[in-house]
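Structure file input36.cif with mmCIF, C-alpha atoms:
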data_work
loop_
_atom_site.label_atom_id
_atom_site.label_comp_id
_atom_site.auth_asym_id
_atom_site.auth_seq_id
_atom_site.Cartn_x
_atom_site.Cartn_y
_atom_site.Cartn_z
CA MET V 466 -11.71 57.31 27.89
CA LYS V 467 -13.41 54.47 29.76
CA ARG V 468 -10.10 53.11 31.01
CA ILE V 469 -8.89 56.54 32.16
CA LEU V 470 -12.14 57.15 34.07
CA ASN V 471 -12.00 53.75 35.73
CA TRP V 472 -8.40 54.30 36.80
CA SER V 473 -9.31 57.71 38.26
CA LEU V 474 -12.29 56.23 40.10
CA ALA V 475 -10.09 53.62 41.75
CA THR V 476 -7.69 56.33 42.87
CA VAL V 477 -10.46 58.48 44.35
CA LEU V 478 -12.20 55.60 46.13
CA SER V 479 -8.95 54.45 47.68
CA GLN V 480 -8.78 57.77 49.58
CA ILE V 481 -12.23 57.28 51.17
CA PRO V 482 -12.10 55.31 54.47
CA LEU V 483 -15.34 53.47 53.68
CA PHE V 484 -13.77 51.94 50.58
CA GLN V 485 -10.15 51.50 51.67
CA SER V 486 -10.65 47.98 52.99
CA SER V 487 -12.51 46.85 49.87
CA ILE V 488 -10.23 48.30 47.18
CA PRO V 489 -8.01 45.49 45.83
CA ASP V 490 -4.30 45.93 45.30
CA LEU V 491 -4.19 46.58 41.58
CA ASP V 492 -0.51 45.66 41.42
CA ASP V 493 -1.08 42.23 42.97
CA GLN V 494 -1.23 39.69 40.14
CA SER V 495 -1.18 36.59 42.32
CA TRP V 496 -4.54 35.60 40.82
CA ILE V 497 -2.74 34.47 37.68
CA GLN V 498 -2.71 30.69 37.61
CA ARG V 499 -1.34 30.00 34.16
CA TRP V 500 0.66 32.16 31.81
CA THR V 501 2.97 31.86 28.81
CA ALA V 502 5.55 33.95 26.96
CA VAL V 503 5.97 33.31 23.23
CA GLY V 504 8.00 35.17 20.65
CA ASP V 505 11.38 35.98 19.18
CA SER V 506 14.76 37.08 20.58
CA TYR V 507 13.28 40.23 22.13
CA ALA V 508 11.09 37.97 24.27
CA SER V 509 13.88 35.48 24.92
CA GLY V 510 15.97 38.33 26.37
CA LEU V 511 18.96 37.62 24.14
CA GLY V 512 22.18 38.34 26.04
CA THR V 513 20.68 39.67 29.29
CA GLY V 514 21.71 37.89 32.46
CA LEU V 515 22.20 34.15 32.84
CA ARG V 516 21.47 31.91 29.89
CA LEU V 517 18.53 29.67 30.79
CA ASP V 518 18.21 27.73 27.55
CA TYR V 519 20.76 27.14 24.78
CA GLY V 520 18.48 25.83 22.06
CA CYS V 521 16.36 29.00 22.05
CA SER V 522 18.79 31.48 23.65
CA ARG V 523 16.48 32.32 26.55
CA TYR V 524 17.96 34.49 29.28
CA ALA V 525 17.05 35.35 32.85
CA GLY V 526 17.02 39.07 32.02
CA GLY V 527 14.29 38.75 29.39
CA TYR V 528 11.13 40.68 30.23
CA PRO V 529 9.00 37.51 30.67
CA ASN V 530 11.36 36.11 33.30
CA LEU V 531 11.58 39.52 34.98
CA MET V 532 7.79 39.57 35.22
CA GLU V 533 7.63 36.04 36.62
CA THR V 534 10.10 36.94 39.39
CA ASP V 535 8.62 40.39 40.12
CA GLU V 536 7.14 40.73 43.62
CA ARG V 537 4.06 42.37 42.10
CA PHE V 538 3.19 39.01 40.57
CA GLY V 539 2.69 37.73 44.10
CA LEU V 540 2.98 34.18 45.33
CA ASN V 541 0.82 31.52 43.76
CA PRO V 542 2.08 27.98 44.39
CA ASN V 543 -0.25 26.65 41.71
CA ARG V 544 1.00 28.95 38.95
CA THR V 545 2.32 27.47 35.70
CA PHE V 546 4.72 29.57 33.61
CA GLN V 547 5.74 28.45 30.11
CA TYR V 548 8.73 30.38 28.72
CA LEU V 549 8.61 29.34 25.06
CA ALA V 550 10.18 32.35 23.29
CA CYS V 551 12.96 31.45 20.88
CA SER V 552 15.54 33.61 19.09
CA GLY V 553 15.21 34.02 15.34
CA LEU V 554 11.63 32.89 14.78
CA LYS V 555 9.10 34.52 12.48
CA SER V 556 5.43 34.83 13.45
CA THR V 557 4.60 31.87 11.23
CA GLU V 558 7.22 29.75 13.01
CA ILE V 559 5.99 30.85 16.44
CA LEU V 560 2.54 29.75 15.29
CA THR V 561 3.73 26.26 14.36
CA LYS V 562 6.51 25.67 16.90
CA GLN V 563 5.34 27.42 20.07
CA VAL V 564 1.56 27.85 20.03
CA PRO V 565 0.80 24.09 19.97
CA HIS V 566 2.65 23.79 23.30
CA VAL V 567 0.66 26.56 25.01
CA LEU V 568 -1.74 25.08 27.54
CA ASP V 569 -5.40 26.07 27.47
CA ASN V 570 -7.06 28.47 29.91
CA GLN V 571 -4.25 31.05 30.02
CA ASP V 572 -4.71 34.08 32.29
CA LEU V 573 -1.82 35.89 30.63
CA ILE V 574 0.11 35.58 27.38
CA THR V 575 2.89 37.86 26.17
CA ILE V 576 4.03 38.03 22.55
CA SER V 577 7.01 39.61 20.80
CA ALA V 578 6.93 38.88 17.08
CA GLY V 579 7.15 40.55 13.69
CA GLY V 580 10.73 41.77 13.33
CA ASN V 581 11.93 38.55 11.75
CA ASP V 582 8.91 38.47 9.43
CA VAL V 583 10.19 41.58 7.69
CA ALA V 584 13.88 40.57 7.60
CA LEU V 585 15.18 43.32 9.88
CA GLY V 586 18.21 41.11 10.52
CA ASP V 587 19.08 41.29 6.82
CA VAL V 588 18.89 45.09 7.03
CA LEU V 589 21.28 45.11 10.00
CA ASP V 590 23.63 42.91 8.01
CA SER V 591 23.49 44.74 4.68
CA CYS V 592 23.28 48.32 5.93
CA ILE V 593 25.05 48.36 9.30
CA PHE V 594 27.56 45.61 10.09
CA GLN V 595 28.04 43.95 6.69
CA TRP V 596 28.81 40.58 8.25
CA LYS V 597 28.25 39.26 4.75
CA HIS V 598 30.38 41.31 2.38
CA GLY V 599 28.23 43.62 0.27
CA ASN V 600 27.84 47.18 -0.98
CA SER V 601 25.27 49.97 -1.25
CA ALA V 602 23.22 48.04 -3.80
CA ARG V 603 22.87 45.15 -1.36
CA CYS V 604 21.76 47.51 1.41
CA ASP V 605 19.20 49.21 -0.83
CA ALA V 606 17.85 45.82 -1.90
CA ALA V 607 17.50 44.73 1.75
CA LEU V 608 15.60 47.92 2.60
CA VAL V 609 13.26 47.48 -0.36
CA ARG V 610 12.65 43.83 0.52
CA SER V 611 11.93 44.65 4.16
CA GLN V 612 9.44 47.34 3.14
CA GLU V 613 7.69 44.90 0.81
CA LEU V 614 7.31 42.40 3.65
CA ILE V 615 5.91 45.08 5.95
CA ASP V 616 3.37 46.05 3.30
CA THR V 617 2.33 42.55 2.22
CA VAL V 618 2.72 39.78 4.81
CA LEU V 619 3.28 41.17 8.30
CA GLU V 620 -0.29 42.01 9.28
CA THR V 621 -1.68 38.71 7.98
CA ASN V 622 1.00 36.72 9.81
CA VAL V 623 0.32 38.53 13.07
CA ASP V 624 -3.46 38.15 12.65
CA LEU V 625 -3.04 34.38 12.46
CA LEU V 626 -0.72 34.29 15.47
CA ILE V 627 -2.99 36.40 17.67
CA ASP V 628 -6.13 34.51 16.61
CA SER V 629 -4.51 31.21 17.55
CA LEU V 630 -3.54 32.48 21.00
CA VAL V 631 -6.86 34.16 21.80
CA THR V 632 -8.40 30.69 21.80
CA LYS V 633 -5.98 29.74 24.59
CA LEU V 634 -7.22 32.45 26.99
CA SER V 635 -9.28 32.00 30.13
CA PRO V 636 -12.48 34.10 30.44
CA ASN V 637 -10.52 36.95 32.08
CA GLY V 638 -7.29 36.25 30.22
CA ARG V 639 -5.31 38.95 28.44
CA ILE V 640 -2.61 39.07 25.77
CA TYR V 641 0.05 41.80 25.99
CA TYR V 642 1.99 42.47 22.81
CA PRO V 643 5.06 44.75 23.06
CA GLY V 644 6.13 46.33 19.79
CA TYR V 645 9.65 47.36 18.83
CA ALA V 646 11.76 50.49 19.32
CA GLN V 647 13.53 52.69 16.80
CA PHE V 648 17.29 52.25 16.95
CA PHE V 649 18.68 55.65 16.05
CA GLY V 650 18.89 59.26 17.14
CA ASP V 651 19.52 62.05 14.65
CA SER V 652 23.05 63.18 15.49
CA VAL V 653 24.92 64.42 12.40
CA SER V 654 28.16 63.12 13.91
CA CYS V 655 27.20 59.61 12.75
CA ASN V 656 26.95 60.54 9.07
CA ASN V 657 30.53 59.50 8.35
CA ILE V 658 30.65 56.57 10.78
CA SER V 659 30.74 52.98 9.50
CA TRP V 660 30.17 49.92 11.67
CA SER V 661 31.29 47.52 8.96
CA VAL V 662 33.07 44.64 10.69
CA TRP V 663 35.76 44.13 8.03
CA PRO V 664 38.64 46.66 8.16
CA ARG V 665 39.97 45.40 4.82
CA MET V 666 36.68 45.92 3.04
CA PRO V 667 37.13 48.50 0.25
CA PRO V 668 36.09 51.93 1.59
CA SER V 669 33.72 52.34 -1.35
CA ASP V 670 31.73 49.31 -0.12
CA ARG V 671 31.43 50.38 3.53
CA GLN V 672 28.00 51.60 4.58
CA ASN V 673 27.85 54.70 6.77
CA LEU V 674 25.25 55.58 9.39
CA THR V 675 23.93 58.50 7.37
CA ILE V 676 20.94 60.44 8.63
CA GLU V 677 18.98 59.38 5.55
CA ARG V 678 19.56 55.69 6.27
CA ARG V 679 18.80 56.09 9.97
CA VAL V 680 15.55 57.94 9.31
CA ARG V 681 14.51 55.28 6.82
CA MET V 682 15.24 52.42 9.22
CA ASN V 683 13.48 54.20 12.09
CA HIS V 684 10.45 54.73 9.88
CA MET V 685 10.35 51.03 9.06
CA VAL V 686 10.28 50.16 12.77
CA SER V 687 7.40 52.61 13.21
CA GLN V 688 5.57 50.95 10.34
CA VAL V 689 6.07 47.53 11.93
CA ASN V 690 4.53 48.86 15.15
CA LYS V 691 1.63 50.33 13.20
CA LYS V 692 0.91 46.98 11.55
CA LEU V 693 1.11 45.19 14.89
CA LYS V 694 -1.34 47.64 16.43
CA GLN V 695 -3.76 47.20 13.53
CA SER V 696 -3.80 43.45 14.12
CA ILE V 697 -4.20 43.95 17.86
CA ASP V 698 -7.08 46.40 17.44
CA LYS V 699 -8.92 43.85 15.29
CA ALA V 700 -8.50 41.16 17.93
CA GLY V 701 -10.59 42.90 20.59
CA GLU V 702 -10.18 44.34 24.08
CA ASN V 703 -8.44 41.32 25.56
CA VAL V 704 -5.32 41.97 23.43
CA ILE V 705 -3.28 45.03 24.46
CA PHE V 706 -0.44 46.71 22.56
CA ILE V 707 2.55 47.85 24.65
CA ASP V 708 4.26 50.86 23.06
CA TRP V 709 7.74 51.18 24.56
CA ASP V 710 9.32 52.91 21.57
CA TRP V 711 8.87 56.38 23.06
CA THR V 712 10.65 55.42 26.31
CA PHE V 713 13.93 54.65 24.52
CA ALA V 714 13.72 57.91 22.58
CA GLN V 715 12.83 60.00 25.62
CA ALA V 716 15.65 58.45 27.66
CA GLY V 717 18.21 59.09 24.90
CA GLY V 718 18.90 55.36 24.85
CA ARG V 719 19.33 54.83 21.10
CA PHE V 720 22.43 54.83 18.92
CA CYS V 721 23.65 58.13 17.44
CA GLU V 722 21.94 60.35 19.99
CA ASN V 723 22.91 64.02 19.97
CA GLY V 724 26.12 64.66 21.88
CA THR V 725 27.33 61.09 21.37
CA ARG V 726 30.35 60.06 19.34
CA GLU V 727 29.87 56.50 18.16
CA PRO V 728 30.83 53.83 18.89
CA ALA V 729 30.00 54.40 22.56
CA PRO V 730 29.28 50.91 23.93
CA GLN V 731 29.50 51.90 27.59
CA ARG V 732 27.60 55.19 27.31
CA GLN V 733 25.44 55.85 30.34
CA GLY V 734 21.81 55.63 29.29
CA LEU V 735 22.38 53.40 26.24
CA LEU V 736 19.47 50.94 26.13
CA PHE V 737 20.52 48.77 23.18
CA PHE V 738 23.60 46.54 23.06
CA GLU V 739 26.54 47.60 20.93
CA TRP V 740 29.18 44.93 20.32
CA ASN V 741 31.39 45.86 23.30
CA THR V 742 28.60 46.81 25.70
CA MET V 743 28.89 45.33 29.19
CA ASP V 744 25.95 45.18 31.59
CA ASP V 745 26.33 44.89 35.35
CA GLY V 746 27.23 41.33 36.20
CA ASP V 747 28.51 40.47 32.72
CA ASP V 748 31.67 38.40 32.43
CA PRO V 749 34.40 40.67 30.94
CA ASN V 750 35.59 37.70 28.90
CA LEU V 751 32.49 38.17 26.72
CA LEU V 752 34.46 40.83 24.85
CA ILE V 753 37.24 38.50 23.79
CA ARG V 754 36.29 34.83 24.04
CA PRO V 755 34.38 32.84 21.42
CA GLY V 756 31.02 31.67 22.69
CA ASP V 757 29.18 28.39 22.63
CA PRO V 758 27.54 27.02 19.46
CA VAL V 759 24.33 28.83 18.54
CA PRO V 760 21.15 27.58 16.82
CA SER V 761 21.54 27.91 13.06
CA ASP V 762 18.06 29.41 12.59
CA SER V 763 18.51 32.12 15.25
CA PHE V 764 19.55 35.78 14.94
CA GLU V 765 23.03 34.96 16.20
CA GLY V 766 23.14 31.88 13.97
CA ASP V 767 22.57 34.09 10.93
CA ILE V 768 25.48 36.30 12.00
CA GLY V 769 27.73 33.26 12.29
CA LYS V 770 26.75 31.98 8.84
CA TRP V 771 27.25 35.40 7.20
CA VAL V 772 30.71 35.75 8.76
CA LEU V 773 31.68 32.24 7.66
CA GLU V 774 30.56 33.03 4.11
CA THR V 775 32.69 36.17 3.98
CA LEU V 776 35.73 34.42 5.42
CA THR V 777 35.40 31.66 2.85
CA LYS V 778 35.93 34.31 0.17
CA HIS V 779 38.44 36.37 2.16
CA PRO V 780 40.24 33.99 4.56
CA ASP V 781 42.91 36.57 5.42
CA TRP V 782 40.45 39.23 6.59
CA GLN V 783 40.38 40.22 10.24
CA PHE V 784 37.18 41.01 12.13
CA GLY V 785 36.33 44.26 13.92
CA PRO V 786 34.81 47.65 13.01
CA VAL V 787 37.22 50.45 12.11
CA GLY V 788 38.53 52.05 15.29
CA THR V 789 38.46 48.84 17.32
CA GLU V 790 41.13 46.19 17.77
CA PRO V 791 40.64 43.66 14.94
CA ILE V 792 40.90 39.95 15.61
CA ALA V 793 41.89 37.07 13.36
CA ILE V 794 39.49 34.14 13.30
CA TYR V 795 40.03 30.82 11.58
CA PRO V 796 36.65 29.08 11.53
CA ALA V 797 37.38 26.99 8.44
CA VAL V 798 40.04 25.00 10.28
CA MET V 799 37.66 23.99 13.08
CA GLU V 800 34.78 23.37 10.69
CA ARG V 801 36.89 21.00 8.56
CA LEU V 802 38.21 19.23 11.65
CA ILE V 803 34.74 18.63 13.06
CA ASP V 804 33.25 17.55 9.74
CA SER V 805 36.14 15.25 8.86
CA GLN V 806 35.90 13.44 12.17
CA GLY V 807 32.13 13.04 11.86
CA LEU V 808 31.70 14.79 15.16
CA ARG V 809 28.99 17.29 14.26
CA ALA V 810 26.10 14.82 14.38
CA GLN V 811 27.70 12.85 17.19
CA LEU V 812 27.88 15.98 19.35
CA GLY V 813 24.34 17.00 18.44
CA PHE V 814 25.47 20.09 16.52
CA ASP V 815 23.67 19.45 13.23
CA ASP V 816 21.36 22.41 13.84
CA TYR V 817 24.02 24.66 15.33
CA VAL V 818 26.63 27.11 14.05
CA PHE V 819 30.02 27.19 15.72
CA TRP V 820 30.59 30.67 17.12
CA PHE V 821 34.07 32.09 16.48
CA LEU V 822 33.37 35.72 17.35
CA PRO V 823 33.57 37.44 20.72
CA ASP V 824 30.44 36.37 22.56
CA SER V 825 29.18 39.95 22.99
CA TRP V 826 28.36 40.11 19.25
CA LYS V 827 25.40 37.75 19.68
CA ARG V 828 23.19 40.44 21.20
CA VAL V 829 23.80 43.59 19.15
CA PHE V 830 20.72 45.77 18.54
CA HIS V 831 18.80 44.02 21.33
CA PRO V 832 17.57 45.70 24.53
CA ARG V 833 20.02 45.76 27.41
CA ALA V 834 19.00 44.67 30.90
CA LEU V 835 17.45 48.07 31.71
CA GLY V 836 15.57 48.03 28.41
CA GLN V 837 14.09 44.63 29.22
CA ARG V 838 13.16 45.96 32.67
CA LEU V 839 11.32 48.89 31.08
CA ILE V 840 9.28 46.53 28.90
CA ALA V 841 8.43 44.33 31.89
CA ASP V 842 7.36 47.35 33.95
CA MET V 843 5.16 48.69 31.17
CA ILE V 844 3.38 45.34 30.84
CA ILE V 845 2.88 45.06 34.60
CA HIS V 846 1.47 48.60 34.70
CA ALA V 847 -0.91 47.77 31.83
CA MET V 848 -1.99 44.67 33.76
CA ALA V 849 -2.86 46.85 36.76
CA VAL V 850 -4.98 49.07 34.54
CA GLU V 851 -6.76 46.02 33.12
CA LYS V 852 -7.37 44.71 36.63
CA ALA V 853 -8.95 48.06 37.53
CA ASN V 854 -11.23 47.75 34.51
CA MET V 855 -12.33 44.30 35.66
CA VAL V 856 -12.95 45.43 39.25
CA PHE V 857 -14.75 48.68 38.51
#
As structure tokens, what does this structure read like?
Amino acid sequence: MKRILNWSLATVLSQIPLFQSSIPDLDDQSWIQRWTAVGDSYASGLGTGLRLDYGCSRYAGGYPNLMETDERFGLNPNRTFQYLACSGLKSTEILTKQVPHVLDNQDLITISAGGNDVALGDVLDSCIFQWKHGNSARCDAALVRSQELIDTVLETNVDLLIDSLVTKLSPNGRIYYPGYAQFFGDSVSCNNISWSVWPRMPPSDRQNLTIERRVRMNHMVSQVNKKLKQSIDKAGENVIFIDWDWTFAQAGGRFCENGTREPAPQRQGLLFFEWNTMDDGDDPNLLIRPGDPVPSDSFEGDIGKWVLETLTKHPDWQFGPVGTEPIAIYPAVMERLIDSQGLRAQLGFDDYVFWFLPDSWKRVFHPRALGQRLIADMIIHAMAVEKANMVF
């Protein structure tokens, strides 16, 4: 209630001539001298815009970079921005690999973390795309495991991460922590749709996007957000949760929305990437060309390893969900060539996975450019509210 009243007071005072000259621009964040973005692939902006960093898959369209270049941030020639987010990291890895590099006296820190702690990538593999060949039992096991991690380790991991970053704040510093968004609508037309990537997989092994599975996966995302908010509430008023889940639902931007026949990668209003989704400015070759090597411990690195494992067992299988044009990939040939010539270490690829899939597959189930823009805007709005609280 306090924050609502303060915001209303600022609005009223701004209409009174006596106060107009003294009311600060709440959108102007040029006061920020030092800020940092830590987190996972949602913070690194996986697949949105130009690639800024290969080792961590950071992109120009990620919400931290959008904030840094937003005119509402104002000009501050003395500002320091550390973009440390890295695809594939758990909260515990962010704590050990990113937090030590965060400078002291931060006016602003953003965090995206938690999805990798609960193995949501394994759920996408086992229950949606089946990059690693499996069946219903494997999907059920992945769902059970993810739920166990939500119930047992997530909140503790996030507590430790937040506590470590609170010590990095300046006296007026704030941490903004966006959650995650549910992936699915409730259209019954998806019940018999499979996004398994192997056309030759036995039909009995293919996992469909049934309403029961979608509801269960959505509920798990909601539970992740609930755990994040519990940790944030314990941390105090200088840590703010950003709930953007409702915006994707309200905009009809999820998969399997009513009136949609999936796959619909170019559907207007879609806010998550499907495998053939193209954003404005994307290179059309993304849909057909293999990409650059990817870090082995990243989200896209896991995909590459799962695909390689399946092709080792089924070297004649082609790749591509039913209803799309399948492609033949021969990663084993290149892998053997590179290893036999001792080139992997020489080229600096020891920690990388060679990517043999169309490049657009790296970013599936991640926010598109507009989705990243929504997250950035919600954080900037929350910052204006916090500034009002400080002023009034």
Inset, instruction - Would you please work out which residue, of V:Asn657, V:Ser556, V:Asn750, V:Thr777, is nearest to Leu822 in chain V when using only C-alpha atoms? - result: V:Asn750
Inset, instruction - Can you give me, as an NGL selection string, the residues this file yields under the PyMOL selection byres ((chain V and resi 628-634) around 7)? - result: :V and (564 or 568-572 or 624-627 or 635-636 or 638-639)
Inset, instruction - Check which residues satisfy the PyMOL selection byres ((chain V and resi 583) around 12) in the file shown, then give them as a ChimeraX atom specification. - result: /V:553-557,578-582,584-589,607-620,622-623,685-686,688-690,692
Could you give me, as a tab-separated table, a per-residue list for range 509-614 of chain V showing, wherever an atom lies at most 12 Å from an atom of range 707-727 of chain V, the closest pair of atoms and their distance in Å to one decimal, using all atoms listed in the file and sorting by chain then residue number from low to high?
residue	atom	partner	partner_atom	distance
V:Thr575	CA	V:Ile707	CA	10.1
V:Ile576	CA	V:Ile707	CA	10.2
V:Ser577	CA	V:Ile707	CA	10.1
V:Ile593	CA	V:Phe720	CA	11.9
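Excluding Leu531 in chain V itself and same-chain residues fewer than 3 positions from it, the residues having an atom within 10 Å of it are Gly510, Tyr524, Ala525, Gly526, Gly527, Tyr528, Thr534, Asp535, Glu536, Ala834, Gln837, Arg838, Ile840, Ala841 and Asp842 of chain V, counting all atoms listed in the file.
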Legend entry - Exercise: residues within 12 Å of coordinate (-1.3, 39.4, 40.3), counting only C-alpha atoms, as number ranges by chain: V: 489-500, 532-541, 544, 572-573, 845-853
Inset, instruction - Using the chain letters and numbering of this document, enumerate as a ChimeraX atom specification the residues selected by the PyMOL selection byres ((chain V and resi 681) around 12). - result: /V:588,592,604-605,608-609,611-612,647-651,674-680,682-688
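Here CA of His779 in chain V stands at a distance of 9.5 Å from CA of His598 in chain V.
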Inset, instruction - Could you check how far CA of Asn656 in chain V sits from CA of Leu776 in chain V, in Å to one decimal? - result: 27.8 Å
Selection: 9 Å around Val787 in chain V, only C-alpha atoms, excl. self and same-chain fewer than 6 positions, as a PDB file with C-alpha atoms, in the coordinates of the input:
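Wrote it out as result-v9.pdb, contents follow:
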ATOM      1  CA  SER V 659      30.740  52.980   9.500  1.00  0.00           C
ATOM      2  CA  TRP V 660      30.170  49.920  11.670  1.00  0.00           C
ATOM      3  CA  SER V 661      31.290  47.520   8.960  1.00  0.00           C
ATOM      4  CA  VAL V 662      33.070  44.640  10.690  1.00  0.00           C
ATOM      5  CA  TRP V 663      35.760  44.130   8.030  1.00  0.00           C
ATOM      6  CA  PRO V 664      38.640  46.660   8.160  1.00  0.00           C
TER       7      PRO V 664
END
Inset, instruction - Could you check which of V:Pro832, V:Pro667, V:Pro823, V:Gly701 is closest to Thr513 in chain V, using all atoms listed in the file? - result: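 Once distances to Thr513 in chain V are computed over all atoms listed in the file, the minimum belongs to V:Pro832.
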